[in-house]
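*Asks:* Have a peek at upload_2.cif (mmCIF, C-alpha atoms).
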data_protein
#
loop_
_atom_site.group_PDB
_atom_site.id
_atom_site.type_symbol
_atom_site.label_atom_id
_atom_site.label_comp_id
_atom_site.auth_asym_id
_atom_site.auth_seq_id
_atom_site.Cartn_x
_atom_site.Cartn_y
_atom_site.Cartn_z
ATOM 1 C CA MET A 13 137.286 130.490 27.002
ATOM 2 C CA THR A 14 135.464 128.627 24.205
ATOM 3 C CA THR A 15 132.427 126.516 24.872
ATOM 4 C CA ILE A 16 132.236 123.072 23.254
ATOM 5 C CA PRO A 17 128.728 122.488 21.864
ATOM 6 C CA GLN A 18 127.012 119.510 23.388
ATOM 7 C CA PRO A 19 125.243 116.989 21.125
ATOM 8 C CA VAL A 20 121.518 117.534 20.934
ATOM 9 C CA THR A 21 119.548 114.503 22.071
ATOM 10 C CA ALA A 22 116.346 113.986 20.139
ATOM 11 C CA SER A 23 113.174 113.632 22.108
ATOM 12 C CA PRO A 24 111.319 110.289 22.192
ATOM 13 C CA GLU A 25 108.606 111.765 19.934
ATOM 14 C CA VAL A 26 111.172 112.769 17.283
ATOM 15 C CA ARG A 27 112.838 109.348 17.423
ATOM 16 C CA ALA A 28 109.453 107.652 17.043
ATOM 17 C CA VAL A 29 108.629 109.746 13.968
ATOM 18 C CA HIS A 30 112.054 108.972 12.510
ATOM 19 C CA ARG A 31 111.603 105.230 13.033
ATOM 20 C CA LYS A 32 108.158 105.428 11.424
ATOM 21 C CA MET A 33 109.597 107.178 8.368
ATOM 22 C CA LEU A 34 112.330 104.550 8.075
ATOM 23 C CA ARG A 35 109.748 101.759 8.238
ATOM 24 C CA ARG A 36 107.656 103.438 5.528
ATOM 25 C CA ARG A 37 110.712 103.863 3.329
ATOM 26 C CA ALA A 38 111.733 100.238 3.832
ATOM 27 C CA LEU A 39 108.164 99.077 3.090
ATOM 28 C CA SER A 40 108.005 101.196 -0.071
ATOM 29 C CA ARG A 41 111.361 99.862 -1.265
ATOM 30 C CA GLY A 42 110.309 96.284 -0.491
ATOM 31 C CA LEU A 43 107.070 96.689 -2.474
ATOM 32 C CA THR A 44 109.034 98.145 -5.402
ATOM 33 C CA TYR A 45 111.397 95.170 -5.410
ATOM 34 C CA LEU A 46 108.462 92.765 -5.112
ATOM 35 C CA VAL A 47 106.668 94.298 -8.105
ATOM 36 C CA ALA A 48 109.901 94.259 -10.134
ATOM 37 C CA ILE A 49 110.465 90.585 -9.292
ATOM 38 C CA LEU A 50 106.883 89.672 -10.232
ATOM 39 C CA ILE A 51 107.160 91.486 -13.562
ATOM 40 C CA ALA A 52 110.477 89.750 -14.288
ATOM 41 C CA LEU A 53 108.987 86.348 -13.439
ATOM 42 C CA TRP A 54 105.966 87.085 -15.626
ATOM 43 C CA PHE A 55 108.311 87.304 -18.626
ATOM 44 C CA LEU A 56 111.006 84.822 -17.618
ATOM 45 C CA ILE A 57 108.876 81.823 -16.625
ATOM 46 C CA PRO A 58 107.293 81.336 -20.095
ATOM 47 C CA ILE A 59 110.704 81.785 -21.745
ATOM 48 C CA PHE A 60 112.231 79.246 -19.376
ATOM 49 C CA PHE A 61 109.383 76.781 -20.000
ATOM 50 C CA ILE A 62 109.672 77.125 -23.802
ATOM 51 C CA ALA A 63 113.459 76.659 -23.646
ATOM 52 C CA SER A 64 113.165 73.594 -21.386
ATOM 53 C CA MET A 65 110.702 71.976 -23.797
ATOM 54 C CA ALA A 66 112.709 72.856 -26.907
ATOM 55 C CA LEU A 67 115.973 71.469 -25.485
ATOM 56 C CA THR A 68 114.697 67.984 -24.767
ATOM 57 C CA THR A 69 113.329 65.012 -26.679
ATOM 58 C CA PRO A 70 109.946 65.038 -28.471
ATOM 59 C CA ALA A 71 108.802 62.170 -26.235
ATOM 60 C CA THR A 72 109.466 64.285 -23.149
ATOM 61 C CA VAL A 73 107.505 67.157 -24.663
ATOM 62 C CA ARG A 74 104.485 64.913 -25.292
ATOM 63 C CA GLU A 75 104.471 63.165 -21.916
ATOM 64 C CA TYR A 76 102.040 64.172 -19.155
ATOM 65 C CA PRO A 77 102.473 65.060 -16.373
ATOM 66 C CA LYS A 78 105.687 66.958 -17.002
ATOM 67 C CA GLY A 79 108.812 66.213 -15.023
ATOM 68 C CA VAL A 80 109.866 68.363 -12.107
ATOM 69 C CA LEU A 81 113.429 68.934 -13.327
ATOM 70 C CA PRO A 82 113.732 70.922 -16.588
ATOM 71 C CA PHE A 83 116.090 70.054 -19.450
ATOM 72 C CA ILE A 84 116.085 66.365 -18.460
ATOM 73 C CA PRO A 85 116.973 64.612 -20.612
ATOM 74 C CA PHE A 86 118.877 67.383 -22.398
ATOM 75 C CA SER A 87 118.716 66.882 -26.148
ATOM 76 C CA THR A 88 118.681 68.810 -29.420
ATOM 77 C CA GLU A 89 116.392 66.264 -31.043
ATOM 78 C CA THR A 90 113.377 68.587 -30.890
ATOM 79 C CA LEU A 91 115.351 71.419 -32.501
ATOM 80 C CA ARG A 92 116.633 69.114 -35.245
ATOM 81 C CA PHE A 93 113.085 67.922 -35.867
ATOM 82 C CA PHE A 94 111.960 71.539 -36.232
ATOM 83 C CA LEU A 95 114.851 72.515 -38.541
ATOM 84 C CA ASN A 96 114.200 69.519 -40.783
ATOM 85 C CA SER A 97 110.546 70.485 -41.200
ATOM 86 C CA SER A 98 109.432 71.873 -44.536
ATOM 87 C CA GLY A 99 110.089 75.578 -45.122
ATOM 88 C CA ILE A 100 111.938 76.295 -41.867
ATOM 89 C CA ILE A 101 115.469 76.886 -43.190
ATOM 90 C CA PRO A 102 114.236 79.131 -46.053
ATOM 91 C CA GLY A 103 112.022 80.926 -43.521
ATOM 92 C CA ILE A 104 114.987 81.650 -41.246
ATOM 93 C CA ILE A 105 117.013 82.967 -44.187
ATOM 94 C CA ASN A 106 114.128 85.173 -45.317
ATOM 95 C CA SER A 107 113.619 86.494 -41.777
ATOM 96 C CA VAL A 108 117.288 87.468 -41.496
ATOM 97 C CA LEU A 109 117.297 89.152 -44.923
ATOM 98 C CA VAL A 110 114.078 91.070 -44.233
ATOM 99 C CA ALA A 111 115.208 92.165 -40.764
ATOM 100 C CA LEU A 112 118.626 93.351 -41.988
ATOM 101 C CA THR A 113 117.097 95.216 -44.931
ATOM 102 C CA THR A 114 114.554 96.820 -42.616
ATOM 103 C CA LEU A 115 117.314 97.777 -40.191
ATOM 104 C CA VAL A 116 119.386 99.482 -42.900
ATOM 105 C CA LEU A 117 116.470 101.316 -44.547
ATOM 106 C CA SER A 118 114.944 102.434 -41.263
ATOM 107 C CA THR A 119 118.244 103.727 -39.858
ATOM 108 C CA LEU A 120 119.180 105.574 -43.060
ATOM 109 C CA ILE A 121 115.809 107.344 -43.093
ATOM 110 C CA ALA A 122 115.292 107.844 -39.346
ATOM 111 C CA ALA A 123 118.742 109.269 -38.525
ATOM 112 C CA PRO A 124 118.485 112.449 -40.648
ATOM 113 C CA ALA A 125 114.784 112.795 -39.813
ATOM 114 C CA GLY A 126 115.485 112.584 -36.083
ATOM 115 C CA TYR A 127 118.327 115.096 -36.393
ATOM 116 C CA ALA A 128 116.110 117.558 -38.290
ATOM 117 C CA ILE A 129 113.265 117.269 -35.766
ATOM 118 C CA SER A 130 115.573 117.796 -32.791
ATOM 119 C CA ARG A 131 117.789 120.544 -34.223
ATOM 120 C CA PHE A 132 115.655 122.707 -36.522
ATOM 121 C CA VAL A 133 112.699 124.841 -35.514
ATOM 122 C CA PHE A 134 110.150 125.170 -38.310
ATOM 123 C CA ARG A 135 106.456 125.795 -38.650
ATOM 124 C CA GLY A 136 104.416 122.678 -38.038
ATOM 125 C CA ARG A 137 107.176 120.717 -36.314
ATOM 126 C CA ASP A 138 104.856 119.419 -33.583
ATOM 127 C CA THR A 139 102.229 118.537 -36.180
ATOM 128 C CA PHE A 140 104.874 116.686 -38.149
ATOM 129 C CA ARG A 141 105.815 114.686 -35.039
ATOM 130 C CA LEU A 142 102.191 113.749 -34.449
ATOM 131 C CA ALA A 143 101.787 112.819 -38.108
ATOM 132 C CA ILE A 144 104.763 110.464 -37.850
ATOM 133 C CA LEU A 145 103.366 108.834 -34.730
ATOM 134 C CA ALA A 146 99.828 108.692 -36.161
ATOM 135 C CA THR A 147 100.839 106.052 -38.680
ATOM 136 C CA ARG A 148 101.091 103.593 -35.792
ATOM 137 C CA ALA A 149 97.423 104.238 -35.027
ATOM 138 C CA PHE A 150 96.365 102.387 -38.178
ATOM 139 C CA PRO A 151 95.910 98.619 -37.813
ATOM 140 C CA ILE A 152 98.352 96.570 -39.828
ATOM 141 C CA VAL A 153 95.512 95.072 -41.844
ATOM 142 C CA VAL A 154 94.571 98.587 -43.081
ATOM 143 C CA LEU A 155 98.103 99.011 -44.446
ATOM 144 C CA ALA A 156 98.855 95.446 -45.537
ATOM 145 C CA ILE A 157 95.878 94.830 -47.844
ATOM 146 C CA PRO A 158 96.274 97.997 -49.999
ATOM 147 C CA LEU A 159 100.035 97.472 -50.112
ATOM 148 C CA ALA A 160 99.494 93.900 -51.286
ATOM 149 C CA VAL A 161 97.427 95.217 -54.204
ATOM 150 C CA VAL A 162 100.083 97.835 -55.013
ATOM 151 C CA PHE A 163 102.896 95.278 -54.850
ATOM 152 C CA ILE A 164 100.977 92.920 -57.149
ATOM 153 C CA ASN A 165 100.488 95.704 -59.696
ATOM 154 C CA VAL A 166 104.130 96.769 -59.479
ATOM 155 C CA GLY A 167 105.391 93.193 -59.667
ATOM 156 C CA ILE A 168 107.217 92.912 -56.360
ATOM 157 C CA PHE A 169 104.627 90.925 -54.420
ATOM 158 C CA ASP A 170 105.890 87.920 -52.444
ATOM 159 C CA SER A 171 109.474 89.160 -52.202
ATOM 160 C CA VAL A 172 111.904 89.923 -49.411
ATOM 161 C CA PHE A 173 112.244 93.546 -50.523
ATOM 162 C CA SER A 174 108.491 94.291 -50.508
ATOM 163 C CA LEU A 175 108.104 92.867 -47.005
ATOM 164 C CA ALA A 176 111.126 94.892 -45.837
ATOM 165 C CA LEU A 177 109.433 98.049 -47.169
ATOM 166 C CA MET A 178 106.336 97.223 -45.121
ATOM 167 C CA HIS A 179 108.374 96.585 -41.979
ATOM 168 C CA THR A 180 110.279 99.828 -42.542
ATOM 169 C CA ALA A 181 107.006 101.744 -42.639
ATOM 170 C CA LEU A 182 105.955 100.084 -39.379
ATOM 171 C CA ALA A 183 109.255 100.748 -37.593
ATOM 172 C CA LEU A 184 109.976 104.291 -38.798
ATOM 173 C CA PRO A 185 107.716 106.219 -36.356
ATOM 174 C CA THR A 186 109.273 104.729 -33.239
ATOM 175 C CA THR A 187 112.784 104.780 -34.705
ATOM 176 C CA ILE A 188 112.522 108.467 -35.650
ATOM 177 C CA LEU A 189 111.235 109.442 -32.217
ATOM 178 C CA VAL A 190 113.931 107.440 -30.402
ATOM 179 C CA ILE A 191 116.773 108.823 -32.500
ATOM 180 C CA GLY A 192 115.284 112.324 -32.305
ATOM 181 C CA SER A 193 115.190 112.147 -28.498
ATOM 182 C CA VAL A 194 118.834 111.043 -28.464
ATOM 183 C CA PHE A 195 119.874 113.962 -30.680
ATOM 184 C CA ALA A 196 117.870 116.317 -28.467
ATOM 185 C CA SER A 197 119.846 115.153 -25.426
ATOM 186 C CA ILE A 198 123.106 116.370 -27.028
ATOM 187 C CA PRO A 199 123.538 120.139 -26.469
ATOM 188 C CA TYR A 200 123.810 122.106 -29.693
ATOM 189 C CA GLU A 201 126.513 124.212 -28.015
ATOM 190 C CA LEU A 202 128.932 121.310 -28.533
ATOM 191 C CA GLU A 203 128.569 121.645 -32.300
ATOM 192 C CA GLU A 204 128.927 125.407 -32.096
ATOM 193 C CA ALA A 205 132.085 125.064 -29.993
ATOM 194 C CA ALA A 206 133.578 122.635 -32.525
ATOM 195 C CA GLN A 207 132.832 125.089 -35.341
ATOM 196 C CA VAL A 208 134.460 127.904 -33.374
ATOM 197 C CA PHE A 209 137.652 125.824 -33.228
ATOM 198 C CA GLY A 210 137.681 125.392 -37.007
ATOM 199 C CA CYS A 211 135.436 122.426 -37.760
ATOM 200 C CA THR A 212 132.949 122.541 -40.583
ATOM 201 C CA PRO A 213 129.322 121.684 -39.692
ATOM 202 C CA PHE A 214 129.817 118.185 -41.100
ATOM 203 C CA GLN A 215 133.064 117.681 -39.149
ATOM 204 C CA ALA A 216 131.387 118.922 -35.955
ATOM 205 C CA PHE A 217 128.612 116.386 -36.467
ATOM 206 C CA ARG A 218 130.998 113.559 -37.351
ATOM 207 C CA TYR A 219 133.583 114.002 -34.606
ATOM 208 C CA VAL A 220 131.470 115.458 -31.773
ATOM 209 C CA VAL A 221 127.804 114.498 -32.104
ATOM 210 C CA LEU A 222 127.957 111.147 -33.881
ATOM 211 C CA PRO A 223 130.073 109.322 -31.235
ATOM 212 C CA LEU A 224 127.623 110.474 -28.556
ATOM 213 C CA VAL A 225 124.487 109.350 -30.396
ATOM 214 C CA LEU A 226 125.796 106.015 -31.687
ATOM 215 C CA PRO A 227 124.470 104.094 -28.628
ATOM 216 C CA GLY A 228 120.994 105.489 -29.238
ATOM 217 C CA ILE A 229 121.139 104.747 -32.964
ATOM 218 C CA ALA A 230 122.348 101.210 -32.191
ATOM 219 C CA ALA A 231 119.471 100.701 -29.749
ATOM 220 C CA ALA A 232 116.942 101.955 -32.308
ATOM 221 C CA ALA A 233 118.453 99.667 -34.960
ATOM 222 C CA ILE A 234 118.224 96.656 -32.674
ATOM 223 C CA PHE A 235 114.622 97.496 -31.877
ATOM 224 C CA THR A 236 113.925 97.626 -35.617
ATOM 225 C CA PHE A 237 115.570 94.235 -36.147
ATOM 226 C CA VAL A 238 113.583 92.614 -33.335
ATOM 227 C CA MET A 239 110.319 94.160 -34.555
ATOM 228 C CA SER A 240 110.897 92.883 -38.090
ATOM 229 C CA TRP A 241 111.961 89.426 -36.877
ATOM 230 C CA ASN A 242 108.815 88.967 -34.756
ATOM 231 C CA GLU A 243 106.260 90.548 -37.140
ATOM 232 C CA VAL A 244 103.863 87.949 -38.478
ATOM 233 C CA PHE A 245 100.643 89.483 -39.878
ATOM 234 C CA ALA A 246 102.121 91.525 -42.733
ATOM 235 C CA ALA A 247 104.492 88.664 -43.536
ATOM 236 C CA SER A 248 101.511 86.305 -43.836
ATOM 237 C CA VAL A 249 99.609 88.692 -46.128
ATOM 238 C CA LEU A 250 102.472 89.883 -48.337
ATOM 239 C CA THR A 251 104.235 86.544 -48.878
ATOM 240 C CA ILE A 252 103.203 83.126 -50.133
ATOM 241 C CA GLN A 253 106.318 81.263 -51.270
ATOM 242 C CA ASN A 254 108.964 83.434 -49.565
ATOM 243 C CA ARG A 255 107.554 83.354 -46.053
ATOM 244 C CA THR A 256 109.522 84.447 -43.025
ATOM 245 C CA LEU A 257 109.942 82.163 -40.013
ATOM 246 C CA PRO A 258 106.995 83.576 -37.972
ATOM 247 C CA ALA A 259 104.694 83.390 -40.997
ATOM 248 C CA GLN A 260 105.815 79.843 -41.763
ATOM 249 C CA VAL A 261 105.259 78.737 -38.160
ATOM 250 C CA LEU A 262 101.854 80.440 -38.044
ATOM 251 C CA THR A 263 100.783 78.713 -41.266
ATOM 252 C CA ALA A 264 101.624 75.269 -39.911
ATOM 253 C CA LEU A 265 100.640 75.942 -36.291
ATOM 254 C CA SER A 266 97.163 74.400 -36.363
ATOM 255 C CA GLN A 267 98.454 71.156 -37.902
ATOM 256 C CA SER A 268 101.774 70.922 -36.068
ATOM 257 C CA SER A 269 102.776 68.843 -33.068
ATOM 258 C CA GLU A 270 103.794 70.167 -29.677
ATOM 259 C CA PRO A 271 107.564 69.696 -30.288
ATOM 260 C CA TYR A 272 107.234 71.792 -33.447
ATOM 261 C CA GLN A 273 105.410 74.544 -31.551
ATOM 262 C CA PHE A 274 107.903 74.740 -28.676
ATOM 263 C CA ALA A 275 110.921 74.636 -30.996
ATOM 264 C CA GLY A 276 109.354 77.328 -33.207
ATOM 265 C CA GLY A 277 108.763 79.586 -30.227
ATOM 266 C CA PHE A 278 112.326 79.009 -29.048
ATOM 267 C CA PHE A 279 113.794 79.886 -32.454
ATOM 268 C CA MET A 280 111.799 83.116 -32.580
ATOM 269 C CA LEU A 281 112.895 84.071 -29.054
ATOM 270 C CA VAL A 282 116.613 83.369 -29.309
ATOM 271 C CA PRO A 283 117.656 86.145 -31.766
ATOM 272 C CA SER A 284 115.844 88.805 -29.764
ATOM 273 C CA MET A 285 117.428 87.667 -26.499
ATOM 274 C CA ILE A 286 120.916 87.474 -28.022
ATOM 275 C CA PHE A 287 120.722 90.941 -29.542
ATOM 276 C CA ILE A 288 119.291 92.467 -26.377
ATOM 277 C CA PHE A 289 122.042 90.814 -24.306
ATOM 278 C CA PHE A 290 124.851 92.192 -26.442
ATOM 279 C CA ILE A 291 123.275 95.620 -26.900
ATOM 280 C CA ARG A 292 122.272 96.183 -23.273
ATOM 281 C CA ARG A 293 125.196 98.486 -22.509
ATOM 282 C CA TYR A 294 124.218 100.664 -25.451
ATOM 283 C CA LEU A 295 120.661 100.757 -24.133
ATOM 284 C CA PHE A 296 121.899 101.819 -20.697
ATOM 285 C CA ASN A 297 124.120 104.508 -22.249
ATOM 286 C CA MET A 298 121.199 105.803 -24.282
ATOM 287 C CA TRP A 299 118.967 105.882 -21.198
ATOM 288 C CA GLY A 300 121.583 107.875 -19.318
ATOM 289 C CA GLN A 301 121.956 110.374 -22.135
ATOM 290 C CA VAL A 302 118.234 110.898 -22.613
ATOM 291 C CA THR A 303 117.506 111.361 -18.907
ATOM 292 C CA LYS A 304 120.309 113.861 -18.242
#
Could I get this file's structure written as C-alpha cells?

*Replies:*
Amino acid sequence: MTTIPQPVTASPEVRAVHRKMLRRRALSRGLTYLVAILIALWFLIPIFFIASMALTTPATVREYPKGVLPFIPFSTETLRFFLNSSGIIPGIINSVLVALTTLVLSTLIAAPAGYAISRFVFRGRDTFRLAILATRAFPIVVLAIPLAVVFINVGIFDSVFSLALMHTALALPTTILVIGSVFASIPYELEEAAQVFGCTPFQAFRYVVLPLVLPGIAAAAIFTFVMSWNEVFAASVLTIQNRTLPAQVLTALSQSSEPYQFAGGFFMLVPSMIFIFFIRRYLFNMWGQVTK
C-alpha cells in the first residue's frame, strides 16, 4: 500500500519571514520605479516646456504668469518667426550636411577599426584601446584652436568639410568602442562555421556577421549624427560665415527674444528625438546582443 505524502504546513515563523521578504522585494521594486520615473521627468519636463512655448504665439511666450494649460493657443507663429530670422535656414542646411558627413566618415573608419580590435589579438591592443579613448580626455578647446590654425593654413577654414573632420575626430572614440563591443558579442565560431561550408572570409563576414551587427552600427551612426547636430563649441570656433544651427543660435542668444530662444531649443531637440524614436528597436537589439 502506497502512502500519499501530506502537504507540509509552514510554521508561523517561516510565514512571517516569507512575508517580510515579499515586503522588502516590493519596497525595492517600488523605489526602483520611483527613481526611474523621477529621472524620466527630469528629462521630459524641460522638453515638454520648450515644446509648449515653441508651439504657441510669441505673445503667449512673453506673457507672465504663464497659463496653466500648455499649447494654448496652439500656433506655429513662433516657429515661423524663428525660421525667418537671419541665418537660420542656412544654419539648418549646414547642420544637416555636417552631421551626415560626420556620420559617413565616422562609420567608414570605426567599422573596420572595431572589427580589428574585437577579432585580432596583437601586442598593445589594450594600450591602443586606451589611446583611442584618451582623445576624449582633451577639452574641445585644446583641439579646436590648433585645428583652426591648420585649417586656415590649408585653406579649408570656415567650411562644412573642415567642421565635419573635427566632429569625426570627436565621435570616433565612442563609435569605435561601441562597434567593437558589438563585434565582440558575435562568436567567431559563426564565421569559422561559414568558412567550413565553403564561404570565403569576406562572404562569411557579409552574410553571417554583418546582418547581426547592423543594429549596433546603426545605433553608433545615430549617436554620431546626434553628437554632430548638437555640438556647438567647435562649430563656433571653426566657422564664421557657414555656421551650423547651434552655433548660429549661440551667436544670437544674448540679443535674441524669448520666442527665438524657445524655438531654437525646439529645433535642436526635434531631430534627436525623431532619430531616437525610429532607431529605438535597433538600440534594443544592440543592447540584447551586447549583454548576451

*Asks:* Considering only C-alpha atoms, tabulate each residue of range 78-196 of chain A that lies at most 10 Å from range 213-235 of chain A along with its nearest interatomic pair and the corresponding distance in Å to one decimal; arrange the rows by chain and ascending residue number and present them as CSV.

*Replies:*
residue,atom,partner,partner_atom,distance
A:Ala111,CA,A:Ile234,CA,9.7
A:Leu112,CA,A:Ala233,CA,9.5
A:Thr114,CA,A:Ala233,CA,9.1
A:Leu115,CA,A:Ala233,CA,5.7
A:Val116,CA,A:Ala233,CA,8.0
A:Leu117,CA,A:Ala233,CA,9.9
A:Ser118,CA,A:Ala233,CA,7.7
A:Thr119,CA,A:Ala233,CA,6.4
A:Ala122,CA,A:Ile229,CA,9.2
A:Ala123,CA,A:Ile229,CA,7.6
A:Ala183,CA,A:Phe235,CA,8.5
A:Leu184,CA,A:Ala232,CA,9.8
A:Thr186,CA,A:Ala232,CA,8.2
A:Thr187,CA,A:Ala232,CA,5.6
A:Ile188,CA,A:Ala232,CA,8.6
A:Leu189,CA,A:Ala232,CA,9.4
A:Val190,CA,A:Ala232,CA,6.5
A:Ile191,CA,A:Ile229,CA,6.0
A:Gly192,CA,A:Gly228,CA,9.4
A:Ser193,CA,A:Gly228,CA,8.9
A:Val194,CA,A:Gly228,CA,6.0
A:Phe195,CA,A:Val225,CA,6.5
A:Ala196,CA,A:Val225,CA,9.8

*Asks:* Hey, what comes out of the PyMOL selection byres ((chain A and resi 160) around 12) on this file? Could you write it as an MDAnalysis selection string?

*Replies:* chainID A and resid 152:159 161:171 174:175 177:178 246:252

*Asks:* Using C-alpha atoms, can you export the residues from the last selection as a short mmCIF file (atom, residue, chain, number, x, y, z; two decimals), keeping the file's coordinate frame?

*Replies:*
data_model
loop_
_atom_site.label_atom_id
_atom_site.label_comp_id
_atom_site.auth_asym_id
_atom_site.auth_seq_id
_atom_site.Cartn_x
_atom_site.Cartn_y
_atom_site.Cartn_z
CA ILE A 152 98.35 96.57 -39.83
CA VAL A 153 95.51 95.07 -41.84
CA VAL A 154 94.57 98.59 -43.08
CA LEU A 155 98.10 99.01 -44.45
CA ALA A 156 98.86 95.45 -45.54
CA ILE A 157 95.88 94.83 -47.84
CA PRO A 158 96.27 98.00 -50.00
CA LEU A 159 100.04 97.47 -50.11
CA VAL A 161 97.43 95.22 -54.20
CA VAL A 162 100.08 97.84 -55.01
CA PHE A 163 102.90 95.28 -54.85
CA ILE A 164 100.98 92.92 -57.15
CA ASN A 165 100.49 95.70 -59.70
CA VAL A 166 104.13 96.77 -59.48
CA GLY A 167 105.39 93.19 -59.67
CA ILE A 168 107.22 92.91 -56.36
CA PHE A 169 104.63 90.92 -54.42
CA ASP A 170 105.89 87.92 -52.44
CA SER A 171 109.47 89.16 -52.20
CA SER A 174 108.49 94.29 -50.51
CA LEU A 175 108.10 92.87 -47.00
CA LEU A 177 109.43 98.05 -47.17
CA MET A 178 106.34 97.22 -45.12
CA ALA A 246 102.12 91.52 -42.73
CA ALA A 247 104.49 88.66 -43.54
CA SER A 248 101.51 86.30 -43.84
CA VAL A 249 99.61 88.69 -46.13
CA LEU A 250 102.47 89.88 -48.34
CA THR A 251 104.24 86.54 -48.88
CA ILE A 252 103.20 83.13 -50.13
#

*Asks:* From the list A:Ile101, A:Phe140, A:Arg27, A:Met65, which residue is nearest Ala128 in chain A when using all atoms listed in the file?

*Replies:* A:Phe140

*Asks:* In Å to one decimal, how far is CA of Thr256 in chain A from CA of Leu56 in chain A?

*Replies:*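 Distance between the two atoms: 25.5 Å.
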
*Asks:* Once the PyMOL selection byres ((chain A and resi 280) around 10) has been evaluated on this model, what residues remain selected, and can you format them as an mmCIF file with C-alpha atoms, in the frame of the given file?

*Replies:*
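Result written to out.cif:
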data_model
loop_
_atom_site.group_PDB
_atom_site.id
_atom_site.type_symbol
_atom_site.label_atom_id
_atom_site.label_comp_id
_atom_site.auth_asym_id
_atom_site.auth_seq_id
_atom_site.Cartn_x
_atom_site.Cartn_y
_atom_site.Cartn_z
ATOM 1 C CA ILE A 104 114.987 81.650 -41.246
ATOM 2 C CA SER A 107 113.619 86.494 -41.777
ATOM 3 C CA VAL A 238 113.583 92.614 -33.335
ATOM 4 C CA TRP A 241 111.961 89.426 -36.877
ATOM 5 C CA ASN A 242 108.815 88.967 -34.756
ATOM 6 C CA LEU A 257 109.942 82.163 -40.013
ATOM 7 C CA PRO A 258 106.995 83.576 -37.972
ATOM 8 C CA VAL A 261 105.259 78.737 -38.160
ATOM 9 C CA ALA A 275 110.921 74.636 -30.996
ATOM 10 C CA GLY A 276 109.354 77.328 -33.207
ATOM 11 C CA GLY A 277 108.763 79.586 -30.227
ATOM 12 C CA PHE A 278 112.326 79.009 -29.048
ATOM 13 C CA PHE A 279 113.794 79.886 -32.454
ATOM 14 C CA LEU A 281 112.895 84.071 -29.054
ATOM 15 C CA VAL A 282 116.613 83.369 -29.309
ATOM 16 C CA PRO A 283 117.656 86.145 -31.766
ATOM 17 C CA SER A 284 115.844 88.805 -29.764
ATOM 18 C CA MET A 285 117.428 87.667 -26.499
#

*Asks:* Can you work out the spacing between CA of Leu182 in chain A and CA of Ala125 in chain A in Å, to one decimal?

*Replies:*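 That distance, rounded to one decimal, is 15.5 Å.
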
*Asks:* Would you mind reading off the distance between CA of Arg37 in chain A and CA of Ala52 in chain A, one decimal, in Å?

*Replies:*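 Interatomic distance here is 22.6 Å.
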
*Asks:* Out of A:Phe274, A:Phe289, A:Phe209, A:Tyr200, which residue has the shortest atom-to-atom distance to Leu91 in chain A when counting only C-alpha atoms?

*Replies:*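 Closest to Leu91 in chain A, using only C-alpha atoms: A:Phe274.
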
*Asks:* Pick out the closest residue to Ile198 in chain A from this set: A:Phe94, A:Tyr272, A:Phe86, A:Tyr127. Count only C-alpha atoms.

*Replies:*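 The closest residue to Ile198 in chain A is A:Tyr127.
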
*Asks:* Which polymer residues, whether protein, DNA or RNA, lie within 9 Å of the coordinate (110.0, 64.6, -23.5) when you count all atoms listed in the file? List them as a count of residues only, using the chain letters and numbers from the file.

*Replies:* 14

*Asks:* Hey, could you patch up range 100-112 of chain A with N, CA and C atoms and hand it over as a CSV table (one decimal), in the frame of the given file?

*Replies:*
chain,number,residue,atom,x,y,z
A,100,ILE,N,111.4,75.6,-43.0
A,100,ILE,CA,111.9,76.3,-41.9
A,100,ILE,C,113.3,77.0,-42.2
A,101,ILE,N,114.2,76.3,-42.8
A,101,ILE,CA,115.5,76.9,-43.2
A,101,ILE,C,115.3,78.1,-44.1
A,102,PRO,N,114.5,77.9,-45.2
A,102,PRO,CA,114.2,79.1,-46.1
A,102,PRO,C,113.6,80.3,-45.3
A,103,GLY,N,112.7,79.9,-44.3
A,103,GLY,CA,112.0,80.9,-43.5
A,103,GLY,C,113.0,81.7,-42.6
A,104,ILE,N,114.0,81.0,-42.1
A,104,ILE,CA,115.0,81.6,-41.2
A,104,ILE,C,115.8,82.6,-42.1
A,105,ILE,N,116.2,82.1,-43.3
A,105,ILE,CA,117.0,83.0,-44.2
A,105,ILE,C,116.2,84.2,-44.6
A,106,ASN,N,115.0,84.0,-44.9
A,106,ASN,CA,114.1,85.2,-45.3
A,106,ASN,C,113.9,86.1,-44.2
A,107,SER,N,113.8,85.6,-42.9
A,107,SER,CA,113.6,86.5,-41.8
A,107,SER,C,114.9,87.3,-41.6
A,108,VAL,N,116.0,86.7,-41.7
A,108,VAL,CA,117.3,87.5,-41.5
A,108,VAL,C,117.4,88.5,-42.6
A,109,LEU,N,117.2,88.2,-43.8
A,109,LEU,CA,117.3,89.2,-44.9
A,109,LEU,C,116.3,90.3,-44.8
A,110,VAL,N,115.1,90.0,-44.4
A,110,VAL,CA,114.1,91.1,-44.2
A,110,VAL,C,114.4,92.0,-43.1
A,111,ALA,N,114.9,91.4,-41.9
A,111,ALA,CA,115.2,92.2,-40.8
A,111,ALA,C,116.4,93.1,-41.0
A,112,LEU,N,117.4,92.5,-41.7
A,112,LEU,CA,118.6,93.4,-42.0
A,112,LEU,C,118.3,94.5,-43.0
